[in-house]
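Undergrad: Structure below; questions to follow.
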Amino acid sequence: MQNISRRELSDLVRTQLQMLLEAGDLQAAKAILVPVQPADIADAIEGLPEKMHALAFRLLSKDEAIEVYEHLDYSIQELLIEELRSQEIHDIVDKMSPDDRARLFDELPAKVVNRLLEQLSPAEREFTSLLLGYESGTAGRIMTPELISLKENLTIAQALERIRRLANASEMIYYLYITDEARCLTGMLSLRDLVTSQPERRISDMMTRDVVFVYTDTDQEEVARLIQRYDFLAVPVVDREQRLVGIVTVDDVIDILQEETTEDIYALGGGVQSGGDNYFQTDLLTVARKRVVWLFVLLFTNTITGTIIKSQEDILSQVVVLTAFIPLLTGTGGNVGAQSSTVVIRGMNTEEIRSMGSLQVIGREAIAGALLGTMLGAIATVWAYFLQNNLSVAIAVGSSLVAISILASISGSALPFLFRLLRLDPALMSAPFITTAVDVAGVLIYFNLARVILKI
């Protein structure tokens with residue numbers, strides 16, 4: 001088993017689980033799940049036919065079911081809510097961590113959410129309502145209020161005793177946050193420093209008062225970058241009165257980064273919006289509806305290119321060979337522009353270009369475009385002359401490629417900054433959009449340079 005990867009293990013468990021469920025051997029099916037990690041069990045259940053999800057889930061003990069449920073995809077969680085008995089769901093949802101429960105409720109219909117809220121214990125209902133009250137995509141919405149806070153006047157021995165009592169009610173005990181009588185955050189202390197100190201020392205003598213924190217309305221991407229930058233396991237969340245209300249843990253940040261990266265990749269792929277759903281579990285009609293709008297925009301802009309080419313019939317009728325190089329020029333320009341937009345958007349997301357001004361970035365990409373255009377243009381000139389044995393046409397093709405590469409680099413790097421200025425997602429400035437825009441401008445450049453060089 002040590003030589004089997006986690007993915008192979010999940011596939012093996014799923015295959016055996018499905019075989020045993022189909023045979024009706026529930027005891028054997030339950031037995032093979034005993035040594036398997038909750039995350040791997042969740043993967044195995046997700047891979048089963050839909051009719052087996054609830055049956056497989058019922059094989060788990062109550063404590064294990066809670067852990068597995070938190071790892072399941074939202075669509076499977078919703079399906080189980082519909083299929084399991086009310087008491088089963090109540091026990092699971094009530095024991096979920098508040099932040100995971102809030103994320104689940106975000107995906108469920110309002111009618112189901114209201115029913116589940118009514119079934120929660122008063123404390124859990126208060127926690128969940130608190131998180132749902134914050135705006136989606138903020139630190140307040142993804143934090144967990146389950147934490148341990150200490151007072152400055154406690155001794156190390158008293159602090160350790162408090163941690164022992166409350167450890168099971170807290171999601172993270174590696175960082176201990178210090179608050180005053182008004183619950184305002186005043187400092188922090190690591191568990192390591194606590195357990196290695198003398199029992200009679202006081203918290204106030206050891207704690208760090210310069211604490212990195214976020215507000216409840218801080219964007220979740222900013223929270224993720226902060227934890228990534230400082231290598232934190234968690235970051236405290238405070239309200240505008242500096243009162244400690246929760247923490248965001250690193251496992252939540254991993255989910256955020258995956259979610260944001262997925263959204264950017266979908267957008268870069270051509271304006272496809274995931275909406276937080278699993279793309280491959282969304283029905284095809286919804287998928288087509290999301291994608292066709294963007295494709296209609298591209299279809300319309302591509303007709304502009306065709307119109308420009310048609311308007312140049314006079315020069316094409318005299319030098320028909322010019323037509324042969326249009327795909328080469330527009331394709332190269334689109335690729336150059338897509339490269340520039342991709343590196344700029346990536347730099348925005350990772351803050352690699354934070355110290356550089358937008359003009360500096362655009363200027364750098366323009367120079368890169370000129371270098372690329374010069375190298376590609378020289379090759380294209382030689383190739384065009386070899387094919388047509390016409391030096392004027394070859395020069396027109398090569399010089400056009402240089403100009404188009406520069407234009408594409410400037411457009412690809414400038415438009416994401418423009419989108420950010422307009423408070424739009426720069427990732428929407430995707431490869432298809434850049435390609436289409438450069439096609440239109442590139443064709444105009446090509447024909448006008450050809451007219452000058454060929455003196456038509």
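A note on labels: chains of the structure tokens are A, B, ... as shown, every chain counts residues from 1, and ligands are counted from 1 in their shown order.
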Please extract the residues of stretch 194-357 of chain A with a backbone DSSP assignment of strand (DSSP E) and present them as a list in words.
TA: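 Of stretch 194-357 of chain A, the ones in strand (DSSP E) are Val214, Tyr215, Ala234, Val235, Pro236, Val237, Val238, Leu244, Val245, Gly246, Ile247, Val248 and Thr249 of chain A.
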Undergrad: Quick one: residues within 12 Å of stretch 152-169 of chain A, only C-alpha atoms, excluding same-chain residues fewer than 4 positions away - as a PDB file with N, CA and C atoms, in the first residue's frame?
TA:
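Result file around.pdb:
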```
ATOM      1  N   LYS A  95     -22.821  19.646  13.678  1.00  0.00           N
ATOM      2  CA  LYS A  95     -21.450  19.399  14.137  1.00  0.00           C
ATOM      3  C   LYS A  95     -20.393  19.925  13.166  1.00  0.00           C
ATOM      4  N   MET A  96     -20.812  20.427  12.011  1.00  0.00           N
ATOM      5  CA  MET A  96     -19.844  20.996  11.065  1.00  0.00           C
ATOM      6  C   MET A  96     -19.218  22.260  11.647  1.00  0.00           C
ATOM      7  N   SER A  97     -17.990  22.582  11.214  1.00  0.00           N
ATOM      8  CA  SER A  97     -17.382  23.847  11.637  1.00  0.00           C
ATOM      9  C   SER A  97     -18.180  24.993  11.020  1.00  0.00           C
ATOM     10  N   PRO A  98     -18.347  26.120  11.723  1.00  0.00           N
ATOM     11  CA  PRO A  98     -19.208  27.203  11.245  1.00  0.00           C
ATOM     12  C   PRO A  98     -18.854  27.719   9.853  1.00  0.00           C
ATOM     13  N   ALA A 123     -26.434  27.943  19.833  1.00  0.00           N
ATOM     14  CA  ALA A 123     -25.070  28.460  19.671  1.00  0.00           C
ATOM     15  C   ALA A 123     -24.622  28.365  18.214  1.00  0.00           C
ATOM     16  N   GLU A 124     -24.866  27.211  17.584  1.00  0.00           N
ATOM     17  CA  GLU A 124     -24.453  27.028  16.194  1.00  0.00           C
ATOM     18  C   GLU A 124     -25.262  27.913  15.263  1.00  0.00           C
ATOM     19  N   THR A 144     -13.765  31.385  10.964  1.00  0.00           N
ATOM     20  CA  THR A 144     -14.439  30.570  11.965  1.00  0.00           C
ATOM     21  C   THR A 144     -14.386  31.308  13.301  1.00  0.00           C
ATOM     22  N   PRO A 145     -15.500  31.401  14.010  1.00  0.00           N
ATOM     23  CA  PRO A 145     -15.490  32.070  15.320  1.00  0.00           C
ATOM     24  C   PRO A 145     -15.007  31.154  16.441  1.00  0.00           C
ATOM     25  N   GLU A 146     -14.675  29.912  16.112  1.00  0.00           N
ATOM     26  CA  GLU A 146     -14.208  28.968  17.121  1.00  0.00           C
ATOM     27  C   GLU A 146     -12.714  29.158  17.365  1.00  0.00           C
ATOM     28  N   LEU A 147     -12.365  29.850  18.415  1.00  0.00           N
ATOM     29  CA  LEU A 147     -10.965  30.126  18.742  1.00  0.00           C
ATOM     30  C   LEU A 147     -10.803  30.264  20.246  1.00  0.00           C
ATOM     31  N   ILE A 148      -9.556  30.255  20.679  1.00  0.00           N
ATOM     32  CA  ILE A 148      -9.247  30.436  22.102  1.00  0.00           C
ATOM     33  C   ILE A 148      -8.584  31.795  22.287  1.00  0.00           C
ATOM     34  N   ILE A 173      -5.272  25.909  17.680  1.00  0.00           N
ATOM     35  CA  ILE A 173      -4.715  26.276  18.983  1.00  0.00           C
ATOM     36  C   ILE A 173      -3.228  26.606  18.879  1.00  0.00           C
ATOM     37  N   TYR A 174      -2.669  26.569  17.676  1.00  0.00           N
ATOM     38  CA  TYR A 174      -1.230  26.845  17.536  1.00  0.00           C
ATOM     39  C   TYR A 174      -0.924  28.326  17.744  1.00  0.00           C
ATOM     40  N   TYR A 175      -1.898  29.193  17.411  1.00  0.00           N
ATOM     41  CA  TYR A 175      -1.775  30.618  17.706  1.00  0.00           C
ATOM     42  C   TYR A 175      -2.809  30.971  18.767  1.00  0.00           C
ATOM     43  N   LEU A 176      -2.378  31.679  19.793  1.00  0.00           N
ATOM     44  CA  LEU A 176      -3.260  32.085  20.879  1.00  0.00           C
ATOM     45  C   LEU A 176      -3.350  33.609  20.874  1.00  0.00           C
ATOM     46  N   TYR A 177      -4.559  34.122  20.827  1.00  0.00           N
ATOM     47  CA  TYR A 177      -4.769  35.564  20.689  1.00  0.00           C
ATOM     48  C   TYR A 177      -5.163  36.167  22.029  1.00  0.00           C
ATOM     49  N   ILE A 178      -4.573  37.320  22.312  1.00  0.00           N
ATOM     50  CA  ILE A 178      -4.769  38.000  23.593  1.00  0.00           C
ATOM     51  C   ILE A 178      -5.744  39.156  23.402  1.00  0.00           C
ATOM     52  N   THR A 179      -6.734  39.247  24.282  1.00  0.00           N
ATOM     53  CA  THR A 179      -7.730  40.312  24.202  1.00  0.00           C
ATOM     54  C   THR A 179      -7.863  41.004  25.552  1.00  0.00           C
ATOM     55  N   ASP A 180      -8.378  42.242  25.528  1.00  0.00           N
ATOM     56  CA  ASP A 180      -8.637  42.956  26.781  1.00  0.00           C
ATOM     57  C   ASP A 180     -10.071  42.693  27.223  1.00  0.00           C
ATOM     58  N   GLU A 181     -10.532  43.443  28.196  1.00  0.00           N
ATOM     59  CA  GLU A 181     -11.874  43.221  28.751  1.00  0.00           C
ATOM     60  C   GLU A 181     -12.967  43.505  27.726  1.00  0.00           C
ATOM     61  N   ARG A 183     -12.768  42.649  24.592  1.00  0.00           N
ATOM     62  CA  ARG A 183     -12.521  41.671  23.537  1.00  0.00           C
ATOM     63  C   ARG A 183     -11.723  42.250  22.373  1.00  0.00           C
ATOM     64  N   CYS A 184     -11.062  43.393  22.589  1.00  0.00           N
ATOM     65  CA  CYS A 184     -10.220  43.977  21.549  1.00  0.00           C
ATOM     66  C   CYS A 184      -8.892  43.225  21.479  1.00  0.00           C
ATOM     67  N   LEU A 185      -8.410  42.986  20.272  1.00  0.00           N
ATOM     68  CA  LEU A 185      -7.166  42.249  20.076  1.00  0.00           C
ATOM     69  C   LEU A 185      -5.982  43.102  20.510  1.00  0.00           C
ATOM     70  N   THR A 186      -5.174  42.563  21.409  1.00  0.00           N
ATOM     71  CA  THR A 186      -4.017  43.322  21.912  1.00  0.00           C
ATOM     72  C   THR A 186      -2.686  42.625  21.642  1.00  0.00           C
ATOM     73  N   GLY A 187      -2.717  41.332  21.309  1.00  0.00           N
ATOM     74  CA  GLY A 187      -1.464  40.628  21.046  1.00  0.00           C
ATOM     75  C   GLY A 187      -1.706  39.168  20.713  1.00  0.00           C
ATOM     76  N   MET A 188      -0.607  38.443  20.531  1.00  0.00           N
ATOM     77  CA  MET A 188      -0.703  37.014  20.250  1.00  0.00           C
ATOM     78  C   MET A 188       0.489  36.282  20.850  1.00  0.00           C
ATOM     79  N   LEU A 189       0.341  34.960  20.937  1.00  0.00           N
ATOM     80  CA  LEU A 189       1.379  34.119  21.511  1.00  0.00           C
ATOM     81  C   LEU A 189       1.284  32.750  20.847  1.00  0.00           C
ATOM     82  N   SER A 190       2.419  32.180  20.486  1.00  0.00           N
ATOM     83  CA  SER A 190       2.389  30.840  19.889  1.00  0.00           C
ATOM     84  C   SER A 190       2.307  29.779  20.973  1.00  0.00           C
ATOM     85  N   LEU A 191       1.711  28.663  20.654  1.00  0.00           N
ATOM     86  CA  LEU A 191       1.604  27.565  21.609  1.00  0.00           C
ATOM     87  C   LEU A 191       2.985  27.056  21.996  1.00  0.00           C
ATOM     88  N   ARG A 192       3.908  27.090  21.046  1.00  0.00           N
ATOM     89  CA  ARG A 192       5.270  26.638  21.335  1.00  0.00           C
ATOM     90  C   ARG A 192       5.912  27.469  22.433  1.00  0.00           C
ATOM     91  N   ASP A 193       5.777  28.813  22.323  1.00  0.00           N
ATOM     92  CA  ASP A 193       6.350  29.684  23.359  1.00  0.00           C
ATOM     93  C   ASP A 193       5.674  29.444  24.706  1.00  0.00           C
ATOM     94  N   LEU A 194       4.378  29.131  24.642  1.00  0.00           N
ATOM     95  CA  LEU A 194       3.621  28.936  25.875  1.00  0.00           C
ATOM     96  C   LEU A 194       4.103  27.700  26.626  1.00  0.00           C
ATOM     97  N   VAL A 195       4.236  26.578  25.938  1.00  0.00           N
ATOM     98  CA  VAL A 195       4.570  25.325  26.611  1.00  0.00           C
ATOM     99  C   VAL A 195       6.041  25.229  27.003  1.00  0.00           C
ATOM    100  N   THR A 196       6.871  26.103  26.431  1.00  0.00           N
ATOM    101  CA  THR A 196       8.303  26.065  26.784  1.00  0.00           C
ATOM    102  C   THR A 196       8.673  27.118  27.821  1.00  0.00           C
ATOM    103  N   SER A 197       7.687  27.838  28.341  1.00  0.00           N
ATOM    104  CA  SER A 197       7.956  28.892  29.324  1.00  0.00           C
ATOM    105  C   SER A 197       7.674  28.399  30.744  1.00  0.00           C
ATOM    106  N   GLN A 198       8.184  29.138  31.700  1.00  0.00           N
ATOM    107  CA  GLN A 198       7.984  28.795  33.105  1.00  0.00           C
ATOM    108  C   GLN A 198       6.519  29.025  33.499  1.00  0.00           C
ATOM    109  N   PRO A 199       5.925  28.128  34.283  1.00  0.00           N
ATOM    110  CA  PRO A 199       4.494  28.208  34.613  1.00  0.00           C
ATOM    111  C   PRO A 199       4.081  29.498  35.299  1.00  0.00           C
ATOM    112  N   GLU A 200       5.014  30.119  36.049  1.00  0.00           N
ATOM    113  CA  GLU A 200       4.633  31.317  36.814  1.00  0.00           C
ATOM    114  C   GLU A 200       4.693  32.612  35.995  1.00  0.00           C
ATOM    115  N   ARG A 201       5.270  32.566  34.807  1.00  0.00           N
ATOM    116  CA  ARG A 201       5.357  33.781  33.985  1.00  0.00           C
ATOM    117  C   ARG A 201       3.970  34.204  33.521  1.00  0.00           C
ATOM    118  N   ARG A 202       3.830  35.509  33.265  1.00  0.00           N
ATOM    119  CA  ARG A 202       2.538  36.018  32.820  1.00  0.00           C
ATOM    120  C   ARG A 202       2.533  36.214  31.302  1.00  0.00           C
ATOM    121  N   ILE A 203       1.341  36.113  30.744  1.00  0.00           N
ATOM    122  CA  ILE A 203       1.155  36.278  29.299  1.00  0.00           C
ATOM    123  C   ILE A 203       1.671  37.644  28.837  1.00  0.00           C
ATOM    124  N   SER A 204       1.427  38.676  29.615  1.00  0.00           N
ATOM    125  CA  SER A 204       1.807  40.038  29.238  1.00  0.00           C
ATOM    126  C   SER A 204       3.312  40.188  29.055  1.00  0.00           C
ATOM    127  N   ASP A 205       4.103  39.335  29.727  1.00  0.00           N
ATOM    128  CA  ASP A 205       5.560  39.424  29.619  1.00  0.00           C
ATOM    129  C   ASP A 205       6.100  38.753  28.353  1.00  0.00           C
ATOM    130  N   MET A 206       5.284  37.950  27.692  1.00  0.00           N
ATOM    131  CA  MET A 206       5.767  37.143  26.570  1.00  0.00           C
ATOM    132  C   MET A 206       5.097  37.447  25.235  1.00  0.00           C
ATOM    133  N   MET A 207       3.923  37.995  25.268  1.00  0.00           N
ATOM    134  CA  MET A 207       3.131  38.093  24.040  1.00  0.00           C
ATOM    135  C   MET A 207       3.711  39.123  23.063  1.00  0.00           C
ATOM    136  N   THR A 208       3.402  38.928  21.789  1.00  0.00           N
ATOM    137  CA  THR A 208       3.770  39.870  20.735  1.00  0.00           C
ATOM    138  C   THR A 208       2.625  40.841  20.535  1.00  0.00           C
ATOM    139  N   ARG A 209       2.936  42.125  20.656  1.00  0.00           N
ATOM    140  CA  ARG A 209       1.864  43.121  20.558  1.00  0.00           C
ATOM    141  C   ARG A 209       1.633  43.613  19.121  1.00  0.00           C
TER     142      ARG A 209
END
```
Undergrad: Any idea what the distance is between atom CA of A:Asp43 and atom CA of A:Leu72?
TA: 7.4 Å
Undergrad: Go through A:Phe447, A:Glu82, A:Ala288, A:Val214 one by one, measure the shortest atom-to-atom distance of each to A:Ile326 using only C-alpha atoms, and give the residue with the smallest value.
TA: A:Phe447
Undergrad: Give me, as a list in words, the residues of stretch 12-45 of chain A that a backbone DSSP run labels alpha helix (DSSP H).
TA: Leu12, Val13, Arg14, Thr15, Gln16, Leu17, Gln18, Met19, Leu20, Leu21, Glu22, Ala23, Leu26, Gln27, Ala28, Ala29, Lys30, Ala31, Ile32, Leu33, Pro38, Ala39, Asp40, Ile41, Ala42, Asp43, Ala44 and Ile45 of chain A
